[in-house]
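*Asks:* Data file upload_38.txt (compact mmCIF, C-alpha atoms) is appended below.
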```txt
# COMPACT_ATOMS: atom_id res chain seq x y z
CA MET A 986 294.36 89.66 35.35
CA SER A 987 291.97 91.71 33.21
CA VAL A 988 288.91 93.16 34.94
CA ALA A 989 285.51 93.39 33.27
CA VAL A 990 282.38 95.07 34.62
CA VAL A 991 279.13 93.63 33.25
CA THR A 992 275.60 94.85 33.94
CA GLY A 993 272.46 92.79 33.46
CA ALA A 994 274.47 89.62 34.05
CA THR A 995 271.85 87.43 35.74
CA GLY A 996 269.92 86.32 32.66
CA GLY A 997 269.85 86.05 28.90
CA MET A 998 272.71 87.63 27.02
CA GLY A 999 274.31 89.18 30.08
CA ARG A 1000 274.73 85.84 31.77
CA VAL A 1001 276.38 84.38 28.68
CA ILE A 1002 278.74 87.37 28.43
CA ALA A 1003 279.75 87.10 32.10
CA GLU A 1004 280.26 83.34 31.89
CA ARG A 1005 282.31 83.45 28.68
CA LEU A 1006 284.57 86.21 29.99
CA ALA A 1007 285.11 84.38 33.28
CA GLN A 1008 285.89 81.16 31.43
CA ALA A 1009 288.52 83.10 29.45
CA GLY A 1010 290.28 84.07 32.68
CA VAL A 1011 288.85 87.56 33.09
CA HIS A 1012 287.90 88.74 36.57
CA VAL A 1013 284.24 89.66 36.12
CA VAL A 1014 282.41 92.17 38.30
CA ALA A 1015 278.67 91.78 37.82
CA ILE A 1016 276.37 94.62 38.86
CA VAL A 1017 273.02 93.03 39.70
CA ARG A 1018 269.76 94.05 41.33
CA ASP A 1019 269.03 90.63 42.86
CA PRO A 1020 272.18 88.99 44.28
CA ALA A 1021 270.37 85.66 44.74
CA ARG A 1022 270.07 85.34 40.96
CA ALA A 1023 273.84 85.80 40.66
CA GLU A 1024 274.76 83.09 43.16
CA ALA A 1025 275.48 80.51 40.46
CA LEU A 1026 277.80 82.95 38.68
CA ARG A 1027 279.64 83.53 41.93
CA ALA A 1028 279.84 79.85 42.85
CA GLN A 1029 280.70 78.42 39.44
CA HIS A 1030 282.80 81.18 37.90
CA GLY A 1031 284.14 83.27 40.78
CA VAL A 1032 282.27 86.35 39.59
CA ASP A 1033 282.39 89.33 41.97
CA VAL A 1034 278.84 90.53 42.60
CA VAL A 1035 277.92 94.16 43.33
CA THR A 1036 274.30 94.81 44.25
CA ALA A 1037 272.63 97.90 42.80
CA ASP A 1038 269.35 99.03 41.26
CA LEU A 1039 270.72 100.80 38.20
CA SER A 1040 267.54 102.83 37.72
CA ARG A 1041 268.53 104.77 40.87
CA ARG A 1042 271.14 107.54 40.69
CA ALA A 1043 272.43 106.79 44.20
CA ASP A 1044 272.92 103.09 43.37
CA VAL A 1045 274.82 103.86 40.16
CA ARG A 1046 277.09 106.17 42.14
CA SER A 1047 277.64 103.72 45.01
CA ALA A 1048 278.34 100.81 42.65
CA ALA A 1049 280.91 102.88 40.74
CA GLU A 1050 282.57 104.03 43.95
CA LEU A 1051 282.76 100.47 45.27
CA ILE A 1052 284.23 99.10 42.04
CA ALA A 1053 286.72 101.97 41.65
CA GLY A 1054 287.83 101.40 45.24
CA ARG A 1055 288.54 97.73 44.55
CA HIS A 1056 290.06 98.01 41.09
CA GLU A 1057 292.63 100.59 40.09
CA GLN A 1058 292.03 99.76 36.47
CA ILE A 1059 289.17 98.30 34.46
CA ASN A 1060 289.78 96.74 31.07
CA LEU A 1061 286.21 96.21 29.90
CA LEU A 1062 282.78 97.66 30.64
CA VAL A 1063 279.75 95.98 29.10
CA ASN A 1064 276.57 98.02 29.61
CA ASN A 1065 274.03 95.30 28.93
CA ALA A 1066 271.31 96.03 31.51
CA GLY A 1067 268.02 97.21 30.08
CA ALA A 1068 264.28 96.75 30.13
CA HIS A 1069 261.10 97.68 28.31
CA PHE A 1070 258.23 99.12 30.34
CA GLY A 1071 254.72 98.80 28.98
CA GLU A 1072 253.37 101.69 31.04
CA HIS A 1073 254.73 105.10 31.98
CA ARG A 1074 256.81 104.80 35.13
CA VAL A 1075 259.33 107.08 36.78
CA SER A 1076 262.39 106.23 38.86
CA PRO A 1077 262.81 107.40 42.48
CA ASP A 1078 264.74 110.32 40.97
CA GLY A 1079 261.77 111.39 38.83
CA ILE A 1080 263.22 110.13 35.53
CA GLU A 1081 261.15 108.07 33.09
CA MET A 1082 262.27 104.47 33.58
CA HIS A 1083 263.55 103.75 30.07
CA ILE A 1084 265.86 106.76 30.32
CA ALA A 1085 266.86 105.91 33.89
CA LEU A 1086 267.78 102.28 33.23
CA ASP A 1087 268.45 102.00 29.51
CA TYR A 1088 270.44 105.23 29.24
CA LEU A 1089 271.54 106.85 32.50
CA ALA A 1090 272.92 103.64 34.01
CA ALA A 1091 275.29 103.26 31.07
CA TYR A 1092 276.20 106.95 31.00
CA GLY A 1093 276.81 106.96 34.75
CA LEU A 1094 279.15 103.99 34.69
CA MET A 1095 281.06 105.29 31.66
CA THR A 1096 281.73 108.61 33.38
CA LEU A 1097 281.96 107.68 37.06
CA LEU A 1098 284.43 104.89 36.20
CA ALA A 1099 286.32 107.04 33.70
CA GLU A 1100 289.62 107.04 35.60
CA PRO A 1101 289.96 103.25 36.07
CA LEU A 1102 288.76 102.84 32.47
CA ARG A 1103 291.50 105.20 31.29
CA ARG A 1104 294.14 103.39 33.33
CA GLY A 1105 292.97 100.06 31.88
CA ARG A 1106 292.91 101.33 28.27
CA ALA A 1107 289.47 99.81 28.34
CA ARG A 1108 286.88 98.82 25.82
CA VAL A 1109 283.34 100.02 26.54
CA VAL A 1110 280.57 98.04 24.86
CA ASN A 1111 277.02 99.42 24.98
CA VAL A 1112 274.20 97.03 24.11
CA ALA A 1113 271.65 99.10 22.21
CA SER A 1114 268.78 98.20 19.88
CA ASP A 1115 268.11 98.88 16.24
CA THR A 1116 264.74 100.26 17.28
CA LEU A 1117 266.69 103.54 17.26
CA ASN A 1118 266.67 103.27 13.45
CA ASP A 1119 263.03 102.24 13.17
CA THR A 1120 260.42 102.56 15.91
CA ARG A 1121 257.72 100.68 14.01
CA GLN A 1122 256.77 97.46 15.79
CA VAL A 1123 255.31 95.95 12.62
CA LYS A 1124 257.51 96.61 9.58
CA LEU A 1125 255.41 95.25 6.74
CA ALA A 1126 255.29 98.39 4.61
CA GLY A 1127 256.37 102.00 4.56
CA ARG A 1128 259.61 103.72 5.42
CA PRO A 1129 261.60 103.27 8.64
CA ARG A 1130 260.65 105.71 11.41
CA PRO A 1131 263.82 106.52 13.39
CA ALA A 1132 263.73 107.45 17.06
CA THR A 1133 263.85 111.15 17.78
CA LEU A 1134 265.72 113.29 20.29
CA ASP A 1135 264.91 116.99 20.43
CA LEU A 1136 266.61 118.67 23.39
CA THR A 1137 265.59 122.21 22.41
CA GLY A 1138 264.44 123.98 25.55
CA VAL A 1139 264.96 120.89 27.73
CA GLY A 1140 266.38 121.81 31.12
CA ASP A 1141 266.18 118.44 32.86
CA LEU A 1142 266.14 114.82 31.69
CA ALA A 1143 262.94 114.37 33.72
CA GLU A 1144 261.17 116.26 30.91
CA LEU A 1145 261.83 113.49 28.37
CA ASN A 1146 259.37 110.66 27.65
CA PRO A 1147 256.50 112.39 29.52
CA ALA A 1148 253.29 110.62 30.48
CA ARG A 1149 251.26 112.62 27.99
CA GLY A 1150 251.41 110.91 24.62
CA PHE A 1151 253.61 108.13 26.03
CA VAL A 1152 254.34 105.34 23.54
CA PRO A 1153 256.39 102.59 25.27
CA PHE A 1154 258.20 101.30 22.18
CA GLU A 1155 259.24 104.81 21.13
CA ALA A 1156 260.35 105.65 24.69
CA TYR A 1157 262.53 102.53 24.73
CA ALA A 1158 264.03 103.39 21.35
CA ARG A 1159 264.74 106.98 22.42
CA ALA A 1160 266.66 105.76 25.47
CA LYS A 1161 268.78 103.49 23.28
CA LEU A 1162 269.32 106.40 20.87
CA MET A 1163 270.56 108.48 23.81
CA THR A 1164 273.03 105.77 24.80
CA VAL A 1165 274.50 105.70 21.31
CA THR A 1166 274.56 109.50 21.04
CA ALA A 1167 276.38 109.94 24.35
CA GLY A 1168 278.67 107.03 23.50
CA PHE A 1169 279.82 108.69 20.29
CA ALA A 1170 280.68 111.86 22.22
CA LEU A 1171 282.45 110.01 25.04
CA ALA A 1172 284.41 107.98 22.49
CA ARG A 1173 286.10 111.20 21.38
CA GLN A 1174 286.75 112.34 24.93
CA LEU A 1175 288.29 109.03 26.00
CA ALA A 1176 290.26 108.33 22.81
CA PRO A 1177 293.47 110.10 23.98
CA ASP A 1178 293.76 107.45 26.71
CA SER A 1179 293.11 104.56 24.28
CA VAL A 1180 289.64 103.85 25.65
CA THR A 1181 287.20 102.70 22.97
CA VAL A 1182 283.41 103.08 23.09
CA ASN A 1183 281.18 101.16 20.69
CA ALA A 1184 277.52 100.17 20.57
CA LEU A 1185 275.69 97.23 19.07
CA HIS A 1186 272.36 95.76 18.16
CA PRO A 1187 272.60 92.05 19.05
CA GLY A 1188 269.85 90.97 16.70
CA ILE A 1189 266.35 89.91 17.74
CA VAL A 1190 267.10 87.72 20.74
CA ALA A 1191 264.66 85.56 22.68
CA THR A 1192 264.71 87.49 25.96
CA ASP A 1193 262.12 88.84 28.40
CA ILE A 1194 262.32 92.22 26.66
CA ILE A 1195 261.10 90.62 23.43
CA ASP A 1196 258.05 89.24 25.25
CA ASP A 1197 257.20 92.79 26.31
CA LEU A 1198 257.76 94.20 22.81
CA VAL A 1199 255.45 91.78 20.98
CA PRO A 1200 252.35 93.70 19.78
CA THR A 1201 249.15 92.87 21.65
CA GLY A 1202 247.57 91.10 18.69
CA LEU A 1203 250.51 88.73 18.36
CA ARG A 1204 250.93 87.84 22.04
CA PRO A 1205 249.07 84.50 21.76
CA PHE A 1206 251.88 83.47 19.40
CA ARG A 1207 254.80 84.53 21.64
CA SER A 1208 256.11 80.98 22.11
CA LEU A 1209 256.13 80.42 18.35
CA ILE A 1210 257.80 83.79 17.75
CA ARG A 1211 260.54 83.07 20.31
CA ARG A 1212 261.42 79.82 18.54
CA GLY A 1213 262.35 81.82 15.44
CA LEU A 1214 264.62 84.27 17.29
CA LEU A 1215 268.31 84.20 18.13
CA SER A 1216 269.38 82.46 21.31
CA PRO A 1217 270.99 84.53 24.11
CA ALA A 1218 274.32 82.93 23.16
CA ASP A 1219 273.91 84.06 19.54
CA GLY A 1220 273.00 87.56 20.70
CA ALA A 1221 275.97 87.73 23.07
CA SER A 1222 278.42 86.92 20.29
CA THR A 1223 278.52 90.48 18.91
CA ALA A 1224 279.15 92.01 22.33
CA LEU A 1225 281.88 89.47 23.01
CA ARG A 1226 283.47 90.20 19.64
CA LEU A 1227 283.58 93.94 20.35
CA ALA A 1228 284.95 93.15 23.79
CA THR A 1229 287.70 90.74 22.82
CA ASP A 1230 288.55 90.72 19.09
CA PRO A 1231 292.15 91.98 18.69
CA GLY A 1232 291.23 93.34 15.27
CA LEU A 1233 288.81 95.80 16.90
CA ALA A 1234 291.24 97.09 19.53
CA ASP A 1235 291.42 100.54 17.92
CA THR A 1236 287.83 100.73 16.69
CA THR A 1237 285.79 103.38 18.51
CA GLY A 1238 282.71 105.53 18.09
CA ARG A 1239 280.97 102.93 15.93
CA TYR A 1240 277.64 101.12 15.90
CA PHE A 1241 277.26 97.50 14.84
CA ASN A 1242 274.17 95.61 13.77
CA ARG A 1243 275.22 92.07 14.61
CA ASP A 1244 278.65 91.64 12.96
CA HIS A 1245 278.43 94.53 10.52
CA GLU A 1246 279.07 98.22 11.10
CA ALA A 1247 275.86 100.16 10.55
CA THR A 1248 274.56 103.71 10.47
CA THR A 1249 272.48 105.55 13.07
CA PRO A 1250 270.13 108.55 12.76
CA PRO A 1251 271.86 111.86 11.99
CA VAL A 1252 270.95 113.28 15.41
CA THR A 1253 273.36 110.83 17.05
CA HIS A 1254 276.25 112.63 15.31
CA ASP A 1255 274.99 116.17 15.86
CA PRO A 1256 277.57 118.05 18.00
CA ALA A 1257 275.00 120.38 19.59
CA THR A 1258 272.76 117.46 20.60
CA GLN A 1259 275.73 115.56 21.98
CA ARG A 1260 276.89 118.55 24.06
CA LYS A 1261 273.41 119.20 25.43
CA LEU A 1262 272.85 115.53 26.27
CA LEU A 1263 276.17 115.25 28.11
CA ALA A 1264 275.47 118.47 30.03
CA LEU A 1265 272.01 117.27 31.11
CA SER A 1266 273.38 113.87 32.09
CA GLU A 1267 276.27 115.35 34.05
CA ALA A 1268 273.84 117.63 35.88
CA HIS A 1269 271.71 114.61 36.80
CA PHE A 1270 274.62 112.88 38.53
CA ALA A 1271 275.90 116.11 40.10
CA ARG A 1272 272.82 116.33 42.37
```
Please rewrite the model in this file as structure tokens.

*Replies:*
Amino acid sequence: MSVAVVTGATGGMGRVIAERLAQAGVHVVAIVRDPARAEALRAQHGVDVVTADLSRRADVRSAAELIAGRHEQINLLVNNAGAHFGEHRVSPDGIEMHIALDYLAAYGLMTLLAEPLRRGRARVVNVASDTLNDTRQVKLAGRPRPATLDLTGVGDLAELNPARGFVPFEAYARAKLMTVTAGFALARQLAPDSVTVNALHPGIVATDIIDDLVPTGLRPFRSLIRRGLLSPADGASTALRLATDPGLADTTGRYFNRDHEATTPPVTHDPATQRKLLALSEAHFAR
């Protein structure tokens, strides 16, 4: 039986992904922060639940160790967990929360589970956001403003997204940019063992993150806005396609906006930035 690890599986898109995979006969391992919210998945679909706060380095490590101890090989990893934080917050490890949860959790699982992923000739699917291509919240006029990632002189990931000058939407986009950047580099490293790594923007989906991202002036209209957005099932369709479509079995190192391959900012393909990002991320988990 195929084994899939899914993060953020207790609500929205993640729940749909976990349910659809389980219904297809896949053994799903869901990494969740609140096991009570995963009880229905366990009871109805036989999902294996691993409890972890993925914003914490120790929890990412312990979850990976537990899963690797139970499963010699993993065939699919869906890094779906993520959040938007309206104020500057840091994790217990001193890392800004967008980077801790929206980037380092995915990086940690991709690397700490590398051996079972290699043995399973796995597909890795990273749920990103097209905010990495345009950090403007209101896009009525002007040119797109891509997320930035300048690692010049950076010696620790704790230096990124500092409190001074903190803009939540840009911090969120930068973390997603980091996930894609690291994913492109890891795709090359894992390719000799037939592991694929791809990222996607699921579209604008009616989730709790969208509620947080709505500009202050438009918040009285959140209910109306949500009615015009994609459903979690619609949003999950791209991730499920990357996870299961036989025609994409050899596709790796790509980014998809819904069902179409799309471009990302040049920095995501810059070899020096990729090397520095991987080195900083490896150092974070080596502590």

*Asks:* With distances taken over all atoms listed in the file, which residue among A:Ala1085, A:Leu1185, A:Val1075, A:Ala1021 lies nearest A:Ala1043?

*Replies:*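 Comparing A:Ala1085, A:Leu1185, A:Val1075, A:Ala1021 against A:Ala1043, the winner is A:Ala1085.
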
*Asks:* For atom CA of A:Thr1116 and atom CA of A:Ala1158, quote the distance in Å rounded to one decimal.

*Replies:*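 Separating atom CA of A:Thr1116 from atom CA of A:Ala1158 is a distance of 5.2 Å.
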
*Asks:* Using only C-alpha atoms, which residue out of A:Val1252, A:Ala1221, A:Ala1099, A:Leu1142 lies closest to A:Gly996?

*Replies:*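 Selected residue with least distance to A:Gly996: A:Ala1221.
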
*Asks:* Using Å and a single decimal, report how far atom CA of A:Leu1061 sits from atom CA of A:Ile1016.

*Replies:*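 Answer for the atom CA of A:Ile1016 to atom CA of A:Leu1061 separation: 13.4 Å.
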
*Asks:* Just to confirm, what's the straight-line distance from atom CA of A:Thr995 to atom CA of A:Val1032 in Å (one decimal)?

*Replies:*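 Computed distance, atom CA of A:Thr995 to atom CA of A:Val1032, equals 11.2 Å.
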
*Asks:* So which residues touch stretch 1150-1154 of chain A within 9 Å, counting all atoms listed in the file, skipping near sequence neighbours fewer than 3 positions away, as an mmCIF file with C-alpha atoms, in the coordinates of the input?

*Replies:*
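So the final result, stored in out.cif, reads:
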```cif
data_model
loop_
_atom_site.group_PDB
_atom_site.id
_atom_site.type_symbol
_atom_site.label_atom_id
_atom_site.label_comp_id
_atom_site.auth_asym_id
_atom_site.auth_seq_id
_atom_site.Cartn_x
_atom_site.Cartn_y
_atom_site.Cartn_z
ATOM 1 C CA HIS A 1069 261.100 97.680 28.310
ATOM 2 C CA PHE A 1070 258.230 99.120 30.340
ATOM 3 C CA GLY A 1071 254.720 98.800 28.980
ATOM 4 C CA GLU A 1072 253.370 101.690 31.040
ATOM 5 C CA HIS A 1073 254.730 105.100 31.980
ATOM 6 C CA HIS A 1083 263.550 103.750 30.070
ATOM 7 C CA THR A 1116 264.740 100.260 17.280
ATOM 8 C CA THR A 1120 260.420 102.560 15.910
ATOM 9 C CA ARG A 1121 257.720 100.680 14.010
ATOM 10 C CA GLN A 1122 256.770 97.460 15.790
ATOM 11 C CA ASN A 1146 259.370 110.660 27.650
ATOM 12 C CA PRO A 1147 256.500 112.390 29.520
ATOM 13 C CA TYR A 1157 262.530 102.530 24.730
ATOM 14 C CA ALA A 1158 264.030 103.390 21.350
ATOM 15 C CA ARG A 1159 264.740 106.980 22.420
ATOM 16 C CA LEU A 1198 257.760 94.200 22.810
#
```

*Asks:* If we count only C-alpha atoms, what is near A:Ala1176 at a cut-off of 12 Å, once residues fewer than 2 positions away on the same chain are taken out, given as an MDAnalysis selection string?

*Replies:* chainID A and resid 1099 1102:1103 1106:1109 1168:1174 1178:1183 1234:1238

*Asks:* Using all atoms listed in the file, find the one residue out of A:Lys1161, A:His1030, A:His1269, A:Arg1130 that sits nearest to A:Asn1111.

*Replies:*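 Of A:Lys1161, A:His1030, A:His1269, A:Arg1130, the one nearest A:Asn1111, counting all atoms listed in the file, is A:Lys1161.
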
*Asks:* Tell me which protein, DNA and RNA residues are within 9 Å of A:Arg1018, counting all atoms listed in the file, leaving out same-chain ones fewer than 5 positions away, and put them as a PyMOL selection string.

*Replies:* chain A and resi 993+995+1035-1039

*Asks:* Hey, which of A:Leu1136, A:Met1095, A:Ala1023, A:Val1165 ends up closest to A:Ala1264? Count all atoms listed in the file.

*Replies:*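 Among the listed residues, A:Leu1136 lies closest to A:Ala1264.
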
*Asks:* Please list as a ChimeraX atom specification every residue within 10 Å of A:Arg1260, counting only C-alpha atoms and excluding residues in the same chain fewer than 6 positions away.

*Replies:* /A:1166-1167,1170,1266

*Asks:* Give me the residues within 10 Å of A:Leu1026 as number ranges by chain, counting all atoms listed in the file and dropping any in the same chain fewer than 2 places off.

*Replies:* A: 994-995, 1000, 1003-1004, 1007, 1013, 1015, 1020-1024, 1028-1034
